[in-house]
file final_17.cif (mmCIF, C-alpha atoms)
data_input
#
loop_
_atom_site.group_PDB
_atom_site.id
_atom_site.type_symbol
_atom_site.label_atom_id
_atom_site.label_comp_id
_atom_site.auth_asym_id
_atom_site.auth_seq_id
_atom_site.Cartn_x
_atom_site.Cartn_y
_atom_site.Cartn_z
ATOM 1 C CA MET Y 1 33.586 107.450 88.833
ATOM 2 C CA ARG Y 2 36.300 106.504 86.455
ATOM 3 C CA THR Y 3 38.984 109.153 86.205
ATOM 4 C CA MET Y 4 41.703 107.372 84.269
ATOM 5 C CA THR Y 5 42.200 104.140 82.391
ATOM 6 C CA PRO Y 6 44.460 102.077 84.618
ATOM 7 C CA SER Y 7 47.682 101.277 82.860
ATOM 8 C CA THR Y 8 48.384 97.610 82.422
ATOM 9 C CA THR Y 9 52.049 98.149 83.227
ATOM 10 C CA GLU Y 10 51.489 100.099 86.394
ATOM 11 C CA LEU Y 11 53.577 98.834 89.289
ATOM 12 C CA LEU Y 12 52.648 99.528 92.820
ATOM 13 C CA LEU Y 13 55.603 99.121 95.164
ATOM 14 C CA VAL Y 14 54.639 99.107 98.781
ATOM 15 C CA PRO Y 15 57.620 98.490 101.027
ATOM 16 C CA THR Y 16 56.878 95.857 103.609
ATOM 17 C CA ALA Y 17 58.165 95.816 107.168
ATOM 18 C CA ASP Y 18 60.864 93.388 105.974
ATOM 19 C CA ASP Y 19 61.980 95.806 103.270
ATOM 20 C CA ARG Y 20 62.229 98.646 105.754
ATOM 21 C CA ARG Y 21 64.270 96.531 108.127
ATOM 22 C CA VAL Y 22 66.658 95.466 105.357
ATOM 23 C CA ALA Y 23 67.036 99.094 104.325
ATOM 24 C CA ARG Y 24 67.728 100.166 107.894
ATOM 25 C CA HIS Y 25 70.370 97.496 108.431
ATOM 26 C CA ALA Y 26 71.931 98.141 105.026
ATOM 27 C CA ALA Y 27 72.102 101.845 105.860
ATOM 28 C CA ALA Y 28 73.962 101.080 109.080
ATOM 29 C CA ALA Y 29 76.377 98.825 107.183
ATOM 30 C CA ILE Y 30 76.953 101.491 104.510
ATOM 31 C CA VAL Y 31 77.736 104.095 107.164
ATOM 32 C CA LEU Y 32 80.344 101.758 108.661
ATOM 33 C CA THR Y 33 81.844 101.095 105.207
ATOM 34 C CA VAL Y 34 82.176 104.801 104.439
ATOM 35 C CA ALA Y 35 83.561 105.585 107.894
ATOM 36 C CA GLU Y 36 86.082 102.790 107.544
ATOM 37 C CA ALA Y 37 87.238 104.090 104.155
ATOM 38 C CA ALA Y 38 88.551 107.181 105.960
ATOM 39 C CA VAL Y 39 90.948 105.094 108.056
ATOM 40 C CA PRO Y 40 94.395 104.795 106.486
ATOM 41 C CA LEU Y 41 95.498 101.181 106.107
ATOM 42 C CA PRO Y 42 98.957 99.709 105.692
ATOM 43 C CA LEU Y 43 98.085 97.298 102.881
ATOM 44 C CA PRO Y 44 95.397 97.293 100.226
ATOM 45 C CA GLY Y 45 92.990 94.504 101.065
ATOM 46 C CA VAL Y 46 93.535 94.606 104.813
ATOM 47 C CA LYS Y 47 90.453 96.211 106.330
ATOM 48 C CA PRO Y 48 88.597 95.753 109.606
ATOM 49 C CA GLY Y 49 85.324 95.156 107.738
ATOM 50 C CA LEU Y 50 83.185 96.673 110.480
ATOM 51 C CA ALA Y 51 80.115 96.518 108.236
ATOM 52 C CA ASN Y 52 80.202 92.757 108.667
ATOM 53 C CA ILE Y 53 79.122 93.228 112.280
ATOM 54 C CA VAL Y 54 75.749 94.266 110.861
ATOM 55 C CA THR Y 55 75.695 91.228 108.563
ATOM 56 C CA LEU Y 56 76.421 88.928 111.508
ATOM 57 C CA VAL Y 57 73.718 90.446 113.692
ATOM 58 C CA VAL Y 58 71.174 90.271 110.872
ATOM 59 C CA LEU Y 59 72.185 86.674 110.149
ATOM 60 C CA ALA Y 60 71.659 85.624 113.754
ATOM 61 C CA ARG Y 61 68.360 87.452 114.172
ATOM 62 C CA TRP Y 62 66.697 87.418 110.788
ATOM 63 C CA GLY Y 63 68.307 84.631 108.820
ATOM 64 C CA TRP Y 64 70.542 84.183 105.824
ATOM 65 C CA ARG Y 65 68.286 85.710 103.146
ATOM 66 C CA GLU Y 66 68.093 88.995 104.911
ATOM 67 C CA ALA Y 67 71.829 88.963 105.735
ATOM 68 C CA ALA Y 68 72.560 88.424 102.030
ATOM 69 C CA TRP Y 69 70.352 91.396 101.111
ATOM 70 C CA VAL Y 70 72.099 93.617 103.632
ATOM 71 C CA ALA Y 71 75.607 92.506 102.648
ATOM 72 C CA LEU Y 72 75.074 92.870 98.901
ATOM 73 C CA LEU Y 73 73.257 96.193 99.190
ATOM 74 C CA ARG Y 74 76.141 97.379 101.319
ATOM 75 C CA VAL Y 75 78.681 96.364 98.640
ATOM 76 C CA LEU Y 76 76.653 98.031 95.890
ATOM 77 C CA VAL Y 77 75.784 101.290 97.629
ATOM 78 C CA GLY Y 78 79.090 101.501 99.487
ATOM 79 C CA SER Y 79 80.950 101.354 96.171
ATOM 80 C CA LEU Y 80 78.628 103.959 94.632
ATOM 81 C CA VAL Y 81 79.173 106.319 97.554
ATOM 82 C CA LEU Y 82 82.938 105.853 97.485
ATOM 83 C CA GLY Y 83 83.162 106.091 93.694
ATOM 84 C CA GLN Y 84 84.398 102.516 93.410
ATOM 85 C CA PHE Y 85 81.444 101.089 91.495
ATOM 86 C CA LEU Y 86 82.668 98.666 88.776
ATOM 87 C CA ALA Y 87 86.287 99.448 89.712
ATOM 88 C CA PRO Y 88 88.527 96.490 90.617
ATOM 89 C CA GLY Y 89 87.898 97.117 94.306
ATOM 90 C CA PHE Y 90 84.178 96.658 93.762
ATOM 91 C CA PHE Y 91 84.625 93.231 92.191
ATOM 92 C CA LEU Y 92 87.049 92.172 94.912
ATOM 93 C CA SER Y 93 84.554 93.293 97.509
ATOM 94 C CA LEU Y 94 81.680 91.552 95.722
ATOM 95 C CA ALA Y 95 83.618 88.302 95.356
ATOM 96 C CA GLY Y 96 84.602 88.422 99.012
ATOM 97 C CA SER Y 97 81.032 89.077 100.110
ATOM 98 C CA LEU Y 98 79.591 86.288 97.959
ATOM 99 C CA ALA Y 99 82.171 83.833 99.285
ATOM 100 C CA SER Y 100 81.583 84.816 102.889
ATOM 101 C CA LEU Y 101 77.799 84.664 102.448
ATOM 102 C CA ALA Y 102 78.163 81.141 101.085
ATOM 103 C CA VAL Y 103 80.290 80.156 104.070
ATOM 104 C CA LEU Y 104 77.935 81.879 106.502
ATOM 105 C CA GLY Y 105 75.057 79.923 104.992
ATOM 106 C CA ALA Y 106 76.870 76.738 105.967
ATOM 107 C CA ALA Y 107 78.343 78.006 109.252
ATOM 108 C CA MET Y 108 74.967 79.111 110.652
ATOM 109 C CA HIS Y 109 73.943 75.451 110.778
ATOM 110 C CA LEU Y 110 76.818 74.564 113.096
ATOM 111 C CA PRO Y 111 75.522 73.675 116.551
ATOM 112 C CA GLY Y 112 74.794 77.010 118.235
ATOM 113 C CA ARG Y 113 75.806 75.743 121.629
ATOM 114 C CA TRP Y 114 79.450 75.590 120.588
ATOM 115 C CA PHE Y 115 79.766 77.934 117.652
ATOM 116 C CA GLY Y 116 78.707 81.533 118.085
ATOM 117 C CA PRO Y 117 79.090 84.775 116.125
ATOM 118 C CA VAL Y 118 82.877 84.688 116.655
ATOM 119 C CA SER Y 119 83.135 81.428 114.708
ATOM 120 C CA HIS Y 120 80.822 82.766 112.009
ATOM 121 C CA SER Y 121 82.866 85.943 111.792
ATOM 122 C CA VAL Y 122 86.277 84.255 111.532
ATOM 123 C CA LEU Y 123 85.041 81.728 108.952
ATOM 124 C CA ALA Y 124 83.394 84.481 106.911
ATOM 125 C CA ALA Y 125 86.542 86.596 107.078
ATOM 126 C CA PHE Y 126 88.607 83.713 105.704
ATOM 127 C CA ALA Y 127 86.042 83.111 102.975
ATOM 128 C CA HIS Y 128 86.223 86.828 102.177
ATOM 129 C CA ILE Y 129 89.989 86.816 101.603
ATOM 130 C CA GLY Y 130 89.596 83.536 99.707
ATOM 131 C CA GLY Y 131 87.049 85.012 97.311
ATOM 132 C CA GLN Y 132 89.129 88.138 96.853
ATOM 133 C CA LEU Y 133 92.308 86.192 96.182
ATOM 134 C CA VAL Y 134 90.604 84.019 93.564
ATOM 135 C CA ILE Y 135 89.436 87.115 91.661
ATOM 136 C CA ALA Y 136 92.803 88.816 92.130
ATOM 137 C CA ARG Y 137 94.702 85.760 90.868
ATOM 138 C CA LEU Y 138 92.394 85.122 87.893
ATOM 139 C CA TRP Y 139 91.943 88.677 86.775
ATOM 140 C CA LEU Y 140 93.971 91.445 88.404
ATOM 141 C CA VAL Y 141 97.365 89.863 89.085
ATOM 142 C CA PRO Y 142 97.600 86.694 86.972
ATOM 143 C CA HIS Y 143 100.654 85.514 88.836
ATOM 144 C CA ASP Y 144 101.165 83.319 91.889
ATOM 145 C CA GLY Y 145 102.866 86.289 93.541
ATOM 146 C CA VAL Y 146 99.514 87.365 95.001
ATOM 147 C CA PHE Y 147 99.618 84.373 97.301
ATOM 148 C CA TYR Y 148 102.787 85.724 98.880
ATOM 149 C CA LEU Y 149 100.607 87.930 101.081
ATOM 150 C CA VAL Y 150 98.249 85.151 102.159
ATOM 151 C CA PRO Y 151 99.736 84.908 105.677
ATOM 152 C CA VAL Y 152 99.229 88.653 106.207
ATOM 153 C CA PHE Y 153 95.645 88.487 104.978
ATOM 154 C CA ALA Y 154 94.996 85.394 107.081
ATOM 155 C CA LEU Y 155 96.318 87.079 110.205
ATOM 156 C CA ALA Y 156 94.187 90.154 109.512
ATOM 157 C CA ALA Y 157 91.155 87.925 108.909
ATOM 158 C CA THR Y 158 91.727 86.163 112.220
ATOM 159 C CA LEU Y 159 92.199 89.378 114.171
ATOM 160 C CA PHE Y 160 89.342 91.376 112.663
ATOM 161 C CA GLY Y 161 87.169 88.270 112.517
ATOM 162 C CA VAL Y 162 87.445 87.852 116.274
ATOM 163 C CA VAL Y 163 86.926 91.551 117.011
ATOM 164 C CA ASN Y 164 83.886 91.847 114.727
ATOM 165 C CA GLY Y 165 82.483 88.580 116.030
ATOM 166 C CA LEU Y 166 82.806 89.716 119.641
ATOM 167 C CA LEU Y 167 81.164 93.044 118.841
ATOM 168 C CA ALA Y 168 78.316 91.263 117.033
ATOM 169 C CA ALA Y 169 77.893 88.834 119.940
ATOM 170 C CA ARG Y 170 77.758 91.729 122.365
ATOM 171 C CA LEU Y 171 75.147 93.546 120.309
ATOM 172 C CA LEU Y 172 73.094 90.365 120.036
ATOM 173 C CA ASP Y 173 73.265 89.719 123.784
ATOM 174 C CA ALA Y 174 72.402 93.314 124.563
ATOM 175 C CA GLY Y 175 69.286 92.897 122.420
ATOM 176 C CA LEU Y 176 69.791 96.110 120.526
ATOM 177 C CA ALA Y 177 67.544 95.054 117.654
ATOM 178 C CA PRO Y 178 64.324 97.040 117.890
ATOM 179 C CA GLU Y 179 62.058 94.073 117.272
ATOM 180 C CA ALA Y 180 61.913 90.794 119.131
ATOM 181 C CA PRO Y 181 63.749 87.931 117.511
ATOM 182 C CA ARG Y 182 61.586 85.549 115.609
ATOM 183 C CA GLU Y 183 61.914 82.122 114.116
ATOM 184 C CA ARG Y 184 64.545 81.663 111.482
ATOM 185 C CA ARG Y 185 63.026 81.499 108.039
ATOM 186 C CA MET N 1 93.902 103.936 140.451
ATOM 187 C CA SER N 2 96.260 101.486 142.150
ATOM 188 C CA PRO N 3 98.017 98.912 139.974
ATOM 189 C CA ARG N 4 96.080 96.170 141.676
ATOM 190 C CA SER N 5 92.635 97.592 140.995
ATOM 191 C CA ARG N 6 93.702 98.454 137.453
ATOM 192 C CA TRP N 7 94.708 94.808 137.041
ATOM 193 C CA SER N 8 91.364 93.533 138.249
ATOM 194 C CA ALA N 9 89.537 96.083 136.086
ATOM 195 C CA GLY N 10 91.453 94.725 133.123
ATOM 196 C CA GLN N 11 90.475 91.213 134.106
ATOM 197 C CA ALA N 12 86.833 92.186 134.382
ATOM 198 C CA TRP N 13 87.017 93.837 130.974
ATOM 199 C CA LEU N 14 88.520 90.701 129.450
ATOM 200 C CA ALA N 15 85.946 88.490 131.140
ATOM 201 C CA ALA N 16 83.112 90.656 129.824
ATOM 202 C CA TRP N 17 84.320 89.971 126.289
ATOM 203 C CA ALA N 18 85.380 86.375 126.823
ATOM 204 C CA CYS N 19 81.861 85.404 127.914
ATOM 205 C CA HIS N 20 80.810 85.782 124.270
ATOM 206 C CA LEU N 21 83.204 83.040 123.234
ATOM 207 C CA ARG N 22 81.818 79.536 122.996
ATOM 208 C CA ALA N 23 83.776 76.278 123.091
ATOM 209 C CA GLY N 24 83.845 75.810 119.324
ATOM 210 C CA ASP N 25 84.942 79.398 118.787
ATOM 211 C CA GLY N 26 88.256 78.543 120.416
ATOM 212 C CA LEU N 27 88.583 75.647 117.984
ATOM 213 C CA VAL N 28 87.903 77.873 114.981
ATOM 214 C CA LEU N 29 90.350 80.429 116.343
ATOM 215 C CA ALA N 30 93.052 77.817 116.839
ATOM 216 C CA ALA N 31 92.505 76.539 113.289
ATOM 217 C CA ALA N 32 92.716 80.095 111.936
ATOM 218 C CA LEU N 33 95.977 80.794 113.763
ATOM 219 C CA ALA N 34 97.373 77.440 112.643
ATOM 220 C CA PHE N 35 96.518 78.393 109.059
ATOM 221 C CA CYS N 36 98.395 81.691 109.482
ATOM 222 C CA VAL N 37 101.507 79.965 110.807
ATOM 223 C CA VAL N 38 101.491 77.127 108.262
ATOM 224 C CA SER N 39 100.887 79.436 105.301
ATOM 225 C CA ALA N 40 103.677 81.759 106.468
ATOM 226 C CA LEU N 41 106.095 78.843 106.801
ATOM 227 C CA GLN N 42 105.067 77.398 103.439
ATOM 228 C CA LEU N 43 105.029 80.608 101.435
ATOM 229 C CA TRP N 44 107.871 82.573 102.955
ATOM 230 C CA GLN N 45 110.665 80.073 102.513
ATOM 231 C CA GLY N 46 111.344 80.780 98.861
ATOM 232 C CA GLY N 47 114.934 81.763 99.586
ATOM 233 C CA ARG N 48 115.838 78.458 101.179
ATOM 234 C CA PRO N 49 118.386 76.599 99.036
ATOM 235 C CA ASP N 50 118.203 72.858 98.459
ATOM 236 C CA LYS N 51 121.351 72.086 96.497
ATOM 237 C CA ALA N 52 124.815 73.392 95.734
ATOM 238 C CA VAL N 53 126.164 73.507 92.198
ATOM 239 C CA ILE N 54 129.958 73.351 91.995
ATOM 240 C CA LYS N 55 131.732 74.255 88.762
ATOM 241 C CA ALA N 56 135.382 73.853 87.854
ATOM 242 C CA GLY N 57 136.925 75.374 84.726
ATOM 243 C CA GLY N 58 133.481 76.375 83.481
ATOM 244 C CA GLN N 59 132.256 72.773 83.575
ATOM 245 C CA ARG N 60 129.719 71.435 86.025
ATOM 246 C CA PHE N 61 131.805 69.489 88.533
ATOM 247 C CA ALA N 62 129.206 68.332 91.066
ATOM 248 C CA GLU N 63 125.669 68.924 92.314
ATOM 249 C CA VAL N 64 125.445 68.309 96.025
ATOM 250 C CA ASP N 65 122.337 67.991 98.127
ATOM 251 C CA LEU N 66 122.332 70.392 101.089
ATOM 252 C CA SER N 67 120.822 67.900 103.519
ATOM 253 C CA THR N 68 123.912 66.119 104.853
ATOM 254 C CA PRO N 69 127.246 67.621 105.892
ATOM 255 C CA ARG N 70 130.189 66.719 103.675
ATOM 256 C CA ILE N 71 133.349 68.137 102.164
ATOM 257 C CA VAL N 72 133.997 68.297 98.409
ATOM 258 C CA GLU N 73 137.496 68.749 97.034
ATOM 259 C CA VAL N 74 137.633 70.405 93.612
ATOM 260 C CA PRO N 75 140.843 70.329 91.550
ATOM 261 C CA GLY N 76 141.866 73.483 89.659
ATOM 262 C CA PRO N 77 144.949 74.954 87.959
ATOM 263 C CA LEU N 78 146.388 76.254 91.269
ATOM 264 C CA GLY N 79 145.528 73.304 93.453
ATOM 265 C CA ARG N 80 142.519 71.946 95.316
ATOM 266 C CA THR N 81 139.611 74.060 96.525
ATOM 267 C CA ARG N 82 137.842 72.603 99.556
ATOM 268 C CA ILE N 83 134.077 73.187 99.727
ATOM 269 C CA GLU N 84 132.208 72.454 102.915
ATOM 270 C CA ILE N 85 128.531 71.523 102.851
ATOM 271 C CA GLN N 86 126.240 71.638 105.886
ATOM 272 C CA PRO N 87 122.461 71.304 106.111
ATOM 273 C CA GLY N 88 121.031 74.431 104.455
ATOM 274 C CA ARG N 89 124.376 76.148 103.809
ATOM 275 C CA ALA N 90 127.726 75.827 102.077
ATOM 276 C CA ARG N 91 131.061 77.663 101.943
ATOM 277 C CA VAL N 92 134.457 77.594 100.384
ATOM 278 C CA ALA N 93 136.549 76.411 103.320
ATOM 279 C CA ALA N 94 139.946 76.661 101.679
ATOM 280 C CA ASP N 95 141.269 77.846 98.325
ATOM 281 C CA PRO N 96 144.783 78.201 96.908
ATOM 282 C CA GLY N 97 143.951 81.584 95.298
ATOM 283 C CA PRO N 98 146.022 84.658 96.332
ATOM 284 C CA ARG N 99 143.240 86.964 97.572
ATOM 285 C CA GLN N 100 140.848 84.502 99.224
ATOM 286 C CA TYR N 101 137.706 86.450 98.273
ATOM 287 C CA CYS N 102 135.562 83.339 97.969
ATOM 288 C CA VAL N 103 136.750 82.018 101.337
ATOM 289 C CA ARG N 104 136.107 85.329 103.086
ATOM 290 C CA GLN N 105 132.566 85.373 101.729
ATOM 291 C CA GLY N 106 131.779 82.814 104.421
ATOM 292 C CA TRP N 107 128.679 80.695 104.558
ATOM 293 C CA LEU N 108 126.197 80.971 101.686
ATOM 294 C CA THR N 109 122.682 80.512 102.980
ATOM 295 C CA SER N 110 120.173 81.690 100.369
ATOM 296 C CA ALA N 111 119.250 80.322 96.972
ATOM 297 C CA GLY N 112 121.059 82.208 94.226
ATOM 298 C CA ALA N 113 124.106 83.009 96.334
ATOM 299 C CA VAL N 114 127.415 82.451 94.522
ATOM 300 C CA ALA N 115 131.048 82.294 95.652
ATOM 301 C CA ILE N 116 133.607 82.449 92.848
ATOM 302 C CA CYS N 117 137.247 81.499 93.242
ATOM 303 C CA ALA N 118 138.418 82.966 89.942
ATOM 304 C CA PRO N 119 142.134 82.126 90.106
ATOM 305 C CA ASN N 120 141.405 78.467 90.631
ATOM 306 C CA GLU N 121 138.406 78.549 88.244
ATOM 307 C CA VAL N 122 136.020 77.122 90.829
ATOM 308 C CA SER N 123 132.541 78.419 91.667
ATOM 309 C CA LEU N 124 129.996 77.418 94.240
ATOM 310 C CA ALA N 125 126.342 78.381 93.731
ATOM 311 C CA LEU N 126 123.259 77.551 95.790
ATOM 312 C CA SER N 127 120.019 76.905 94.002
ATOM 313 C CA GLY N 128 116.493 76.450 95.278
ATOM 314 C CA ARG N 129 113.099 75.468 93.933
ATOM 315 C CA ASN N 130 111.831 79.023 94.052
ATOM 316 C CA ALA N 131 114.785 81.304 94.509
ATOM 317 C CA ASP N 132 114.244 84.927 95.460
ATOM 318 C CA TYR N 133 117.250 85.948 93.354
ATOM 319 C CA ASP N 134 118.788 84.691 90.129
ATOM 320 C CA SER N 135 122.245 85.479 91.432
ATOM 321 C CA LEU N 136 123.581 86.932 94.650
ATOM 322 C CA ASN N 137 127.158 88.046 95.167
ATOM 323 C CA TYR N 138 129.091 90.335 97.487
#
call {"tool": "encode", "arguments": {"input": "final_17.cif", "output": "structure tokens"}}
result
Amino acid sequence: MRTMTPSTTELLLVPTADDRRVARHAAAAIVLTVAEAAVPLPLPGVKPGLANIVTLVVLARWGWREAAWVALLRVLVGSLVLGQFLAPGFFLSLAGSLASLAVLGAAMHLPGRWFGPVSHSVLAAFAHIGGQLVIARLWLVPHDGVFYLVPVFALAATLFGVVNGLLAARLLDAGLAPEAPRERR
Amino acid sequence: MSPRSRWSAGQAWLAAWACHLRAGDGLVLAAALAFCVVSALQLWQGGRPDKAVIKAGGQRFAEVDLSTPRIVEVPGPLGRTRIEIQPGRARVAADPGPRQYCVRQGWLTSAGAVAICAPNEVSLALSGRNADYDSLNY
């Protein structure tokens, strides 16, 4: 029995297991972003970046594509939740995330015997401040004065990079992901 | 808890975290710290002077590099003002002026710093590539 003429533009979106997993990881990252926003910080731009722990774990377990989804969804939704969407902070965050995803894409191919999540984390943290500084220099503060704070940002990137990397490594070793690891796509 | 057992608990805690570090991670960490140190040294030395500009009677008398120690004697209406240069700093060592303000200013160490011996019409100014100040006086 025909009840209705099917529309030619009808879209049927069925979330796959992958989609659900991305959403779950992104949700965890967003929670960390929002929680972190409540912590007072001495300098704008210096943040622990706890949400990157999620990105690192997802990168190691599920590959770069999924890590990119999680990281970018986190930037988008995190900024919406915090009321920062399309504000300068959003673009800084986006630039930093894109730069660190690019570096992570390269760093994940380093020999795993010697380079673990701590390396990935520190390299990504440096890429993050690099991306942010490029945007800041080109757009927000068109003066070389922004580079005056590079040593502070670099020290923060080193410190938080190590801490986040160690936390990610610990989570990975503890096998907290609900599903068994599978081959890298 | 005795200090000893607290010490070993701390060691165990450190070891539990350190086991997540791999050989290359130390390398990356060392490179990151090296970057911090080098960038701090490179970027935070704006105030370091590299030459001294000496003027007498409003005219440029000499421009001296601050790398080697030397003494410059500048003639003025009251007599000779002796300026002493050392690596990275300079001072007016002796001046015939009555109040000796420029001598008592002591060593000038940052770019933009100026010592003026007005009675003898001599001035000593340090300049640098990227000075923090245009002029600095006391």
call {"tool": "residues_around", "arguments": {"input": "final_17.cif", "residues": "stretch 54-69 of chain Y", "least_positions_apart": "3", "cutoff": "8 Å", "atoms": "only C-alpha atoms", "output": "PDB file with C-alpha atoms, in the frame of the given file"}}
result
ATOM      1  CA  VAL Y  22      66.658  95.466 105.357  1.00  0.00           C
ATOM      2  CA  HIS Y  25      70.370  97.496 108.431  1.00  0.00           C
ATOM      3  CA  ALA Y  26      71.931  98.141 105.026  1.00  0.00           C
ATOM      4  CA  ALA Y  28      73.962 101.080 109.080  1.00  0.00           C
ATOM      5  CA  ALA Y  29      76.377  98.825 107.183  1.00  0.00           C
ATOM      6  CA  LEU Y  50      83.185  96.673 110.480  1.00  0.00           C
ATOM      7  CA  ALA Y  51      80.115  96.518 108.236  1.00  0.00           C
ATOM      8  CA  LEU Y  72      75.074  92.870  98.901  1.00  0.00           C
ATOM      9  CA  LEU Y  73      73.257  96.193  99.190  1.00  0.00           C
ATOM     10  CA  LEU Y 101      77.799  84.664 102.448  1.00  0.00           C
ATOM     11  CA  LEU Y 104      77.935  81.879 106.502  1.00  0.00           C
ATOM     12  CA  GLY Y 105      75.057  79.923 104.992  1.00  0.00           C
ATOM     13  CA  MET Y 108      74.967  79.111 110.652  1.00  0.00           C
ATOM     14  CA  PRO Y 117      79.090  84.775 116.125  1.00  0.00           C
ATOM     15  CA  HIS Y 120      80.822  82.766 112.009  1.00  0.00           C
ATOM     16  CA  SER Y 121      82.866  85.943 111.792  1.00  0.00           C
ATOM     17  CA  GLY Y 165      82.483  88.580 116.030  1.00  0.00           C
ATOM     18  CA  ALA Y 168      78.316  91.263 117.033  1.00  0.00           C
ATOM     19  CA  ALA Y 169      77.893  88.834 119.940  1.00  0.00           C
ATOM     20  CA  LEU Y 171      75.147  93.546 120.309  1.00  0.00           C
ATOM     21  CA  LEU Y 172      73.094  90.365 120.036  1.00  0.00           C
ATOM     22  CA  PRO Y 181      63.749  87.931 117.511  1.00  0.00           C
ATOM     23  CA  ARG Y 182      61.586  85.549 115.609  1.00  0.00           C
ATOM     24  CA  GLU Y 183      61.914  82.122 114.116  1.00  0.00           C
ATOM     25  CA  ARG Y 184      64.545  81.663 111.482  1.00  0.00           C
ATOM     26  CA  ARG Y 185      63.026  81.499 108.039  1.00  0.00           C
TER      27      ARG Y 185
END
call {"tool": "closest_residue", "arguments": {"input": "final_17.cif", "among": "N:Cys19, N:Val64, N:Ala40, N:Ala34", "to": "chain Y", "atoms": "only C-alpha atoms"}}
result
N:Ala40
call {"tool": "resolve_selection", "arguments": {"input": "final_17.cif", "expression": "the PyMOL selection byres ((chain N and resi 86) around 12)", "output": "JSON list (two decimals) with C-alpha atoms, in the frame of the given file"}}
result
[["chain", "number", "residue", "atom", "x", "y", "z"],
["N", 49, "PRO", "CA", 118.39, 76.60, 99.04],
["N", 50, "ASP", "CA", 118.20, 72.86, 98.46],
["N", 51, "LYS", "CA", 121.35, 72.09, 96.50],
["N", 52, "ALA", "CA", 124.82, 73.39, 95.73],
["N", 64, "VAL", "CA", 125.44, 68.31, 96.02],
["N", 65, "ASP", "CA", 122.34, 67.99, 98.13],
["N", 66, "LEU", "CA", 122.33, 70.39, 101.09],
["N", 67, "SER", "CA", 120.82, 67.90, 103.52],
["N", 68, "THR", "CA", 123.91, 66.12, 104.85],
["N", 69, "PRO", "CA", 127.25, 67.62, 105.89],
["N", 70, "ARG", "CA", 130.19, 66.72, 103.68],
["N", 71, "ILE", "CA", 133.35, 68.14, 102.16],
["N", 72, "VAL", "CA", 134.00, 68.30, 98.41],
["N", 83, "ILE", "CA", 134.08, 73.19, 99.73],
["N", 84, "GLU", "CA", 132.21, 72.45, 102.92],
["N", 85, "ILE", "CA", 128.53, 71.52, 102.85],
["N", 87, "PRO", "CA", 122.46, 71.30, 106.11],
["N", 88, "GLY", "CA", 121.03, 74.43, 104.46],
["N", 89, "ARG", "CA", 124.38, 76.15, 103.81],
["N", 90, "ALA", "CA", 127.73, 75.83, 102.08],
["N", 91, "ARG", "CA", 131.06, 77.66, 101.94],
["N", 92, "VAL", "CA", 134.46, 77.59, 100.38],
["N", 93, "ALA", "CA", 136.55, 76.41, 103.32],
["N", 107, "TRP", "CA", 128.68, 80.69, 104.56],
["N", 108, "LEU", "CA", 126.20, 80.97, 101.69],
["N", 109, "THR", "CA", 122.68, 80.51, 102.98]]
call {"tool": "residues_around", "arguments": {"input": "final_17.cif", "residues": "Y:Gly145", "least_positions_apart": "3", "cutoff": "12 Å", "atoms": "all atoms listed in the file", "output": "MDAnalysis selection string"}}
result
(chainID Y and resid 133 136:138 140:142 148:150) or (chainID N and resid 43:44 46 130 132)
call {"tool": "interface_residues", "arguments": {"input": "final_17.cif", "of": "chain N", "to": "chain Y", "cutoff": "8 Å", "atoms": "only C-alpha atoms", "output": "JSON, numbers by chain"}}
result
{"N": [17, 20, 21, 22, 23, 24, 25, 28, 29, 32, 33, 35, 36, 37, 39, 40, 43, 44]}
call {"tool": "write_last_selection", "arguments": {"input": "final_17.cif", "atoms": "C-alpha atoms", "output": "mmCIF file, keeping the file's coordinate frame"}}
result
data_model
loop_
_atom_site.group_PDB
_atom_site.id
_atom_site.type_symbol
_atom_site.label_atom_id
_atom_site.label_comp_id
_atom_site.auth_asym_id
_atom_site.auth_seq_id
_atom_site.Cartn_x
_atom_site.Cartn_y
_atom_site.Cartn_z
ATOM 1 C CA TRP N 17 84.320 89.971 126.289
ATOM 2 C CA HIS N 20 80.810 85.782 124.270
ATOM 3 C CA LEU N 21 83.204 83.040 123.234
ATOM 4 C CA ARG N 22 81.818 79.536 122.996
ATOM 5 C CA ALA N 23 83.776 76.278 123.091
ATOM 6 C CA GLY N 24 83.845 75.810 119.324
ATOM 7 C CA ASP N 25 84.942 79.398 118.787
ATOM 8 C CA VAL N 28 87.903 77.873 114.981
ATOM 9 C CA LEU N 29 90.350 80.429 116.343
ATOM 10 C CA ALA N 32 92.716 80.095 111.936
ATOM 11 C CA LEU N 33 95.977 80.794 113.763
ATOM 12 C CA PHE N 35 96.518 78.393 109.059
ATOM 13 C CA CYS N 36 98.395 81.691 109.482
ATOM 14 C CA VAL N 37 101.507 79.965 110.807
ATOM 15 C CA SER N 39 100.887 79.436 105.301
ATOM 16 C CA ALA N 40 103.677 81.759 106.468
ATOM 17 C CA LEU N 43 105.029 80.608 101.435
ATOM 18 C CA TRP N 44 107.871 82.573 102.955
#
call {"tool": "atom_distance", "arguments": {"input": "final_17.cif", "atom1": "atom CA of Y:Pro42", "atom2": "atom CA of Y:Ala99"}}
result
24.0 Å
call {"tool": "atom_distance", "arguments": {"input": "final_17.cif", "atom1": "atom CA of N:Ile116", "atom2": "atom CA of N:Arg99"}}
result
11.6 Å
call {"tool": "closest_residue", "arguments": {"input": "final_17.cif", "among": "N:Pro98, N:Gly79, N:Pro3, N:Gly128", "to": "N:Ala111", "atoms": "all atoms listed in the file"}}
result
N:Gly128
call {"tool": "atom_distance", "arguments": {"input": "final_17.cif", "atom1": "atom CA of N:Gly106", "atom2": "atom CA of N:Gln42"}}
result
27.3 Å
call {"tool": "closest_residue", "arguments": {"input": "final_17.cif", "among": "Y:His109, Y:Thr16, Y:Ile129, Y:Leu94", "to": "Y:Pro44", "atoms": "all atoms listed in the file"}}
result
Y:Ile129
